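Worksheet: the structure to be examined is printed underneath.
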Amino acid sequence: MSLPVLVLTGALGAGKTTLINRLLTGAHGRRIAAIVNDFGSINIDAELIAGQTEEILGLRNGCICCSLQGDLLRSLKTLLDRDPPPELIVVEASGVSDPAGIIETLYDPLLFGHVTVEAVVCVVDAQAITDDVAVTRDPLWQAQVAGADLLVLSKATGLGEAERLRLRALLAAQGKSRLYDPDRDAEELELLLLAPETMQSDAAQRLAGVPRAAVTADRFATLEWTREGALSMPRFQAAIQALSPGLLRAKGFIDSADHPGTPLLFQLVGRRATVERADPATAPGCRLVLIGRAAEFDPEKARSLLEDC
């Protein structure tokens with residue numbers, strides 16, 4: 001099964017390093033690898049360090065970090081060859097570049113089947129926009145925002161509600177409505193970026209489920225759906241498209257009547273959805289977990305649409 005990759009973009013000084021630190025040092029229990037442009041800027045407390053080589057630093061919680069020096073393919077291969085391998089790879093795009101180049105690299109034939117672009121995340125500097133709205137007219141900034149599936153606000157401490165609403169309106173004008181503030185939306189952001197493996201393929205076809213600490217009854221609604229046999233891929237795609245406005249995260253295995261005998265892995269983060277071949281040993285049948293905000297996602301409607309597939 002391929003490893004999920006988060007591509008992190010944003011302007012110089014927007015706060016990408018802060019977000020990477022948060023991902024690497026959080027108490028999430030996941031083995032995360034980060035490929036960063038300037039390793040020296042990563043401020044990780046010395047007591048977290050478990051081991052270090054010239055380019056790779058290991059952390060006690062299983063996370064690792066390496067510098068993006070030269071060949072991205074080489075850096076990725078180094079991480080993929082580790083034992084055990086990471087569960088998630090975060091790749092930081094340069095603050096002065098369009099992340100499209102990194103996306104193209106991740107789709108290189110040499111990486112096919114090894115990594116999957118799970119989401120492109122853009123860090124938006126709230127203070128910079130508040131101080132000078134001309135920032136939003138910069139073509140590079142617009143390209144970074146346009147290429148993102150999720151926007152994460154930084155440097156928003158002290159902003160009033162009126163300023164936050166103005167920021168959202170400016171970003172909505174760029175066609176982006178999904179904006180997350182780590183200080184206010186920490187639980188939701190962790191669910192999107194660090195959701196542990198929600199499915200497993202074993203002989204009993206059991207759901208591993210999602211962590212109940214993250215999916216709470218008051219904020220989120222979740223559906224765990226299983227079915228023996230195959231579904232219609234066009235109907236499934238139509239169902240997901242209908243549900244996507246209210247979905248935050250979806251993941252699981254499906255069998256498709258259009259691809260008999262080939263188990264498929266389906267993932268959705270934000271508006272990015274991918275379907276790829278799963279491990280041939282994956283147990284047959286369909287097993288999905290769908291998560292959305294309680295006010296926007298109706299599990300019974302989702303169940304009905306999936307049953308119609």
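So you can find residues: chains in the structure tokens are A, B, ... in the order shown, residues in each start at 1, and ligands are numbered from 1 in order.
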Legend entry - Residue neighbourhood Asp185 (chain A), 12 Å, only C-alpha atoms, exclusion window fewer than 3 positions, as a ChimeraX atom specification: /A:151-154,178-182,188-193,214,219,293
Inset, instruction - Using CA of Gly158 (chain A) and CA of Arg249 (chain A) as the two end points, give the distance in Å to one decimal. - result: 29.7 Å
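Taking CA of Lys155 (chain A) as the reference point, CA of Leu140 (chain A) is found at 20.0 Å.
Counting only C-alpha atoms, Ser97 (chain A) has the following residues at most 10 Å away, ignoring those fewer than 4 positions along the same chain: Thr9, Gly10, Ala11, Leu12, Ala93, Gly101, Ile102, Leu140, Trp141, Ala143 and Gln144 of chain A.
Closest approach to Arg227 (chain A) from the set A:Leu288, A:Ile129, A:Ala239, A:Leu159 is made by A:Leu288, with distances taken over only C-alpha atoms.
The space separating CA of Phe236 (chain A) from CA of Cys309 (chain A) comes to 5.6 Å.
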Inset, instruction - Go through region 77-303 of chain A and collect every residue that DSSP, computed from the backbone, puts in strand (DSSP E); the answer should be as a PyMOL selection string. - result: chain A and resi 88-92+115-125+150-154+179-180+220-227+247-254+264-269+272-277+286-293
Legend entry - Nearby residues (only C-alpha atoms) at most 7 Å from Ala221 (chain A), same-chain spacing under 4 positions excluded, as a ChimeraX atom specification: /A:217,291-294,297,299
How would the residues just chosen look if you wrote them out with C-alpha atoms as a PDB file, in the first residue's frame?
ATOM      1  CA  ALA A 217     -20.836  13.462  18.992  1.00  0.00           C
ATOM      2  CA  ILE A 291     -16.469  11.863   8.640  1.00  0.00           C
ATOM      3  CA  GLY A 292     -18.032  15.313   8.459  1.00  0.00           C
ATOM      4  CA  ARG A 293     -19.190  18.158  10.617  1.00  0.00           C
ATOM      5  CA  ALA A 294     -22.357  17.213  12.443  1.00  0.00           C
ATOM      6  CA  PHE A 297     -22.959  15.632   7.141  1.00  0.00           C
ATOM      7  CA  PRO A 299     -24.760   9.705   7.932  1.00  0.00           C
TER       8      PRO A 299
END
Inset, instruction - Within 10 Å of Ala257 (chain A), counting only C-alpha atoms, which residues show up once you throw out same-chain ones fewer than 3 positions away? Write them as an NGL selection string, please. - result: :A and (229-233 or 254 or 260-262)
Produce a file of the selected residues containing N, CA, C and O atoms, as a compact mmCIF listing (two decimals), in the first residue's frame.
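Dumped to result_35.txt:
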# COMPACT_ATOMS: atom_id res chain seq x y z
N GLY A 229 -19.39 -7.77 -1.70
CA GLY A 229 -19.59 -7.64 -3.14
C GLY A 229 -19.09 -6.31 -3.67
O GLY A 229 -18.57 -5.46 -2.95
N ALA A 230 -19.30 -6.13 -4.98
CA ALA A 230 -18.76 -4.96 -5.68
C ALA A 230 -19.83 -3.89 -5.86
O ALA A 230 -21.03 -4.16 -5.77
N LEU A 231 -19.38 -2.67 -6.12
CA LEU A 231 -20.28 -1.56 -6.39
C LEU A 231 -19.99 -0.98 -7.78
O LEU A 231 -18.98 -1.29 -8.40
N SER A 232 -20.88 -0.13 -8.24
CA SER A 232 -20.71 0.55 -9.52
C SER A 232 -19.84 1.78 -9.31
O SER A 232 -20.20 2.67 -8.52
N MET A 233 -18.71 1.87 -10.00
CA MET A 233 -17.83 3.00 -9.81
C MET A 233 -18.48 4.33 -10.22
O MET A 233 -18.36 5.31 -9.49
N ILE A 254 -12.71 -0.47 -1.48
CA ILE A 254 -13.89 -0.78 -2.26
C ILE A 254 -13.55 -1.82 -3.31
O ILE A 254 -12.42 -1.91 -3.79
N PRO A 260 -13.15 -5.84 -11.73
CA PRO A 260 -13.32 -7.07 -10.94
C PRO A 260 -11.99 -7.69 -10.53
O PRO A 260 -11.04 -7.74 -11.31
N GLY A 261 -11.96 -8.14 -9.28
CA GLY A 261 -10.76 -8.81 -8.78
C GLY A 261 -9.65 -7.88 -8.36
O GLY A 261 -8.58 -8.34 -7.96
N THR A 262 -9.87 -6.56 -8.41
CA THR A 262 -8.84 -5.59 -8.05
C THR A 262 -9.33 -4.73 -6.89
O THR A 262 -10.15 -3.83 -7.08
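You can rank A:Leu88, A:Ala302, A:Ile20, A:Val289 by their closest distance to Leu268 (chain A) using only C-alpha atoms, and at the top of that list sits A:Val289.
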Inset, instruction - Check the smallest atom-to-atom distance from each of A:Pro280, A:Glu161, A:Leu171, A:Arg166 to Thr136 (chain A) using only C-alpha atoms, then report the winner. - result: A:Leu171
Inset, instruction - For each of A:Ala186, A:Ala278, A:Ile64, A:Ala238, take the minimum atom-to-atom distance to Gly252 (chain A), counting only C-alpha atoms, then give the residue where this is smallest. - result: A:Ala278
Legend entry - Surrounding residues of region 73-84 of chain A excluding itself and chain neighbours under 3 positions, 12 Å, only C-alpha atoms, as JSON, numbers by chain: {"A": [1, 2, 3, 4, 5, 30, 31, 32, 33, 34, 35, 36, 37, 55, 56, 57, 58, 62, 63, 64, 65, 66, 67, 68, 69, 70, 87, 88, 89, 90, 91, 102, 103, 104, 105, 106, 107, 108, 109, 110, 111, 112, 113, 114, 115]}
Kindly export the residues of the current selection with N, CA and C atoms, as a CSV table (one decimal), in the first residue's frame.
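File produced: result-v5.csv:
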chain,number,residue,atom,x,y,z
A,1,MET,N,0.8,-1.2,0.0
A,1,MET,CA,0.0,0.0,0.0
A,1,MET,C,0.9,1.2,0.0
A,2,SER,N,0.5,2.3,-0.8
A,2,SER,CA,1.3,3.5,-0.9
A,2,SER,C,1.2,4.3,0.3
A,3,LEU,N,2.2,5.2,0.6
A,3,LEU,CA,2.2,6.1,1.7
A,3,LEU,C,1.6,7.4,1.4
A,4,PRO,N,0.8,8.0,2.3
A,4,PRO,CA,0.2,9.3,2.0
A,4,PRO,C,1.2,10.4,2.2
A,5,VAL,N,1.1,11.4,1.3
A,5,VAL,CA,2.0,12.5,1.3
A,5,VAL,C,1.2,13.8,1.4
A,30,ARG,N,1.8,8.8,15.6
A,30,ARG,CA,2.1,8.4,14.2
A,30,ARG,C,3.5,8.6,13.8
A,31,ARG,N,4.1,7.7,13.0
A,31,ARG,CA,5.4,7.9,12.5
A,31,ARG,C,5.4,8.9,11.3
A,32,ILE,N,5.8,10.1,11.5
A,32,ILE,CA,5.7,11.1,10.4
A,32,ILE,C,7.1,11.4,10.0
A,33,ALA,N,7.3,11.6,8.7
A,33,ALA,CA,8.5,12.0,8.1
A,33,ALA,C,8.3,13.4,7.4
A,34,ALA,N,9.2,14.3,7.6
A,34,ALA,CA,9.1,15.6,7.0
A,34,ALA,C,10.3,15.9,6.1
A,35,ILE,N,10.1,16.3,4.9
A,35,ILE,CA,11.2,16.8,4.0
A,35,ILE,C,11.1,18.3,3.9
A,36,VAL,N,12.0,19.0,4.5
A,36,VAL,CA,12.0,20.5,4.6
A,36,VAL,C,13.1,21.1,3.8
A,37,ASN,N,12.9,22.4,3.4
A,37,ASN,CA,13.8,23.1,2.5
A,37,ASN,C,15.1,23.5,3.3
A,55,GLU,N,21.9,14.4,7.4
A,55,GLU,CA,20.7,14.9,6.8
A,55,GLU,C,19.4,14.5,7.4
A,56,ILE,N,19.5,13.5,8.3
A,56,ILE,CA,18.2,13.0,8.9
A,56,ILE,C,18.3,13.0,10.4
A,57,LEU,N,17.2,13.6,11.0
A,57,LEU,CA,17.1,13.6,12.4
A,57,LEU,C,16.0,12.8,12.9
A,58,GLY,N,16.2,12.0,13.9
A,58,GLY,CA,15.1,11.1,14.4
A,58,GLY,C,14.5,11.7,15.7
A,62,GLY,N,8.9,8.7,17.1
A,62,GLY,CA,8.9,8.0,15.8
A,62,GLY,C,9.0,8.8,14.6
A,63,CYS,N,8.9,10.2,14.8
A,63,CYS,CA,9.0,11.1,13.7
A,63,CYS,C,10.4,11.2,13.2
A,64,ILE,N,10.6,11.6,11.9
A,64,ILE,CA,11.9,11.9,11.4
A,64,ILE,C,11.8,13.1,10.5
A,65,CYS,N,12.9,13.7,10.3
A,65,CYS,CA,13.0,15.0,9.5
A,65,CYS,C,14.2,15.0,8.7
A,66,CYS,N,14.2,15.4,7.5
A,66,CYS,CA,15.4,15.5,6.7
A,66,CYS,C,15.3,16.7,5.8
A,67,SER,N,16.5,17.2,5.3
A,67,SER,CA,16.5,18.4,4.6
A,67,SER,C,16.3,18.1,3.1
A,68,LEU,N,15.7,19.0,2.4
A,68,LEU,CA,15.5,18.9,1.0
A,68,LEU,C,16.7,19.5,0.3
A,69,GLN,N,17.7,18.6,0.1
A,69,GLN,CA,18.9,19.1,-0.5
A,69,GLN,C,19.1,18.3,-1.9
A,70,GLY,N,18.8,19.1,-2.9
A,70,GLY,CA,18.9,18.5,-4.3
A,70,GLY,C,17.7,17.7,-4.7
A,87,GLU,N,4.4,6.6,8.4
A,87,GLU,CA,3.0,6.4,8.1
A,87,GLU,C,2.5,7.6,7.3
A,88,LEU,N,3.2,8.7,7.3
A,88,LEU,CA,2.8,9.9,6.6
A,88,LEU,C,4.1,10.7,6.3
A,89,ILE,N,4.2,11.3,5.1
A,89,ILE,CA,5.3,12.1,4.7
A,89,ILE,C,4.8,13.5,4.4
A,90,VAL,N,5.4,14.5,5.0
A,90,VAL,CA,5.1,15.9,4.8
A,90,VAL,C,6.3,16.5,4.0
A,91,VAL,N,5.9,17.1,2.8
A,91,VAL,CA,6.9,17.7,2.0
A,91,VAL,C,6.7,19.2,1.9
A,102,ILE,N,6.6,20.0,-7.2
A,102,ILE,CA,6.6,18.9,-6.3
A,102,ILE,C,5.5,17.9,-6.6
A,103,ILE,N,4.3,18.4,-6.9
A,103,ILE,CA,3.3,17.5,-7.3
A,103,ILE,C,3.7,16.6,-8.5
A,104,GLU,N,4.3,17.2,-9.5
A,104,GLU,CA,4.7,16.5,-10.7
A,104,GLU,C,5.7,15.4,-10.3
A,105,THR,N,6.7,15.7,-9.4
A,105,THR,CA,7.6,14.7,-8.9
A,105,THR,C,7.0,13.6,-8.2
A,106,LEU,N,6.0,13.8,-7.4
A,106,LEU,CA,5.3,12.8,-6.7
A,106,LEU,C,4.5,11.8,-7.6
A,107,TYR,N,4.2,12.3,-8.8
A,107,TYR,CA,3.6,11.4,-9.8
A,107,TYR,C,4.6,10.8,-10.8
A,108,ASP,N,5.9,10.9,-10.4
A,108,ASP,CA,6.9,10.3,-11.3
A,108,ASP,C,6.7,8.8,-11.3
A,109,PRO,N,6.9,8.2,-12.5
A,109,PRO,CA,6.7,6.7,-12.6
A,109,PRO,C,7.5,5.9,-11.6
A,110,LEU,N,8.7,6.4,-11.2
A,110,LEU,CA,9.5,5.7,-10.2
A,110,LEU,C,8.8,5.6,-8.8
A,111,LEU,N,7.9,6.5,-8.6
A,111,LEU,CA,7.2,6.5,-7.3
A,111,LEU,C,5.8,5.9,-7.3
A,112,PHE,N,5.4,5.5,-8.5
A,112,PHE,CA,4.0,5.0,-8.7
A,112,PHE,C,3.8,3.8,-7.8
A,113,GLY,N,2.8,3.8,-7.0
A,113,GLY,CA,2.5,2.7,-6.2
A,113,GLY,C,3.1,2.8,-4.8
A,114,HIS,N,4.1,3.8,-4.6
A,114,HIS,CA,4.8,3.9,-3.4
A,114,HIS,C,4.3,5.1,-2.5
A,115,VAL,N,3.9,6.2,-3.2
A,115,VAL,CA,3.3,7.3,-2.5
A,115,VAL,C,2.1,7.8,-3.2
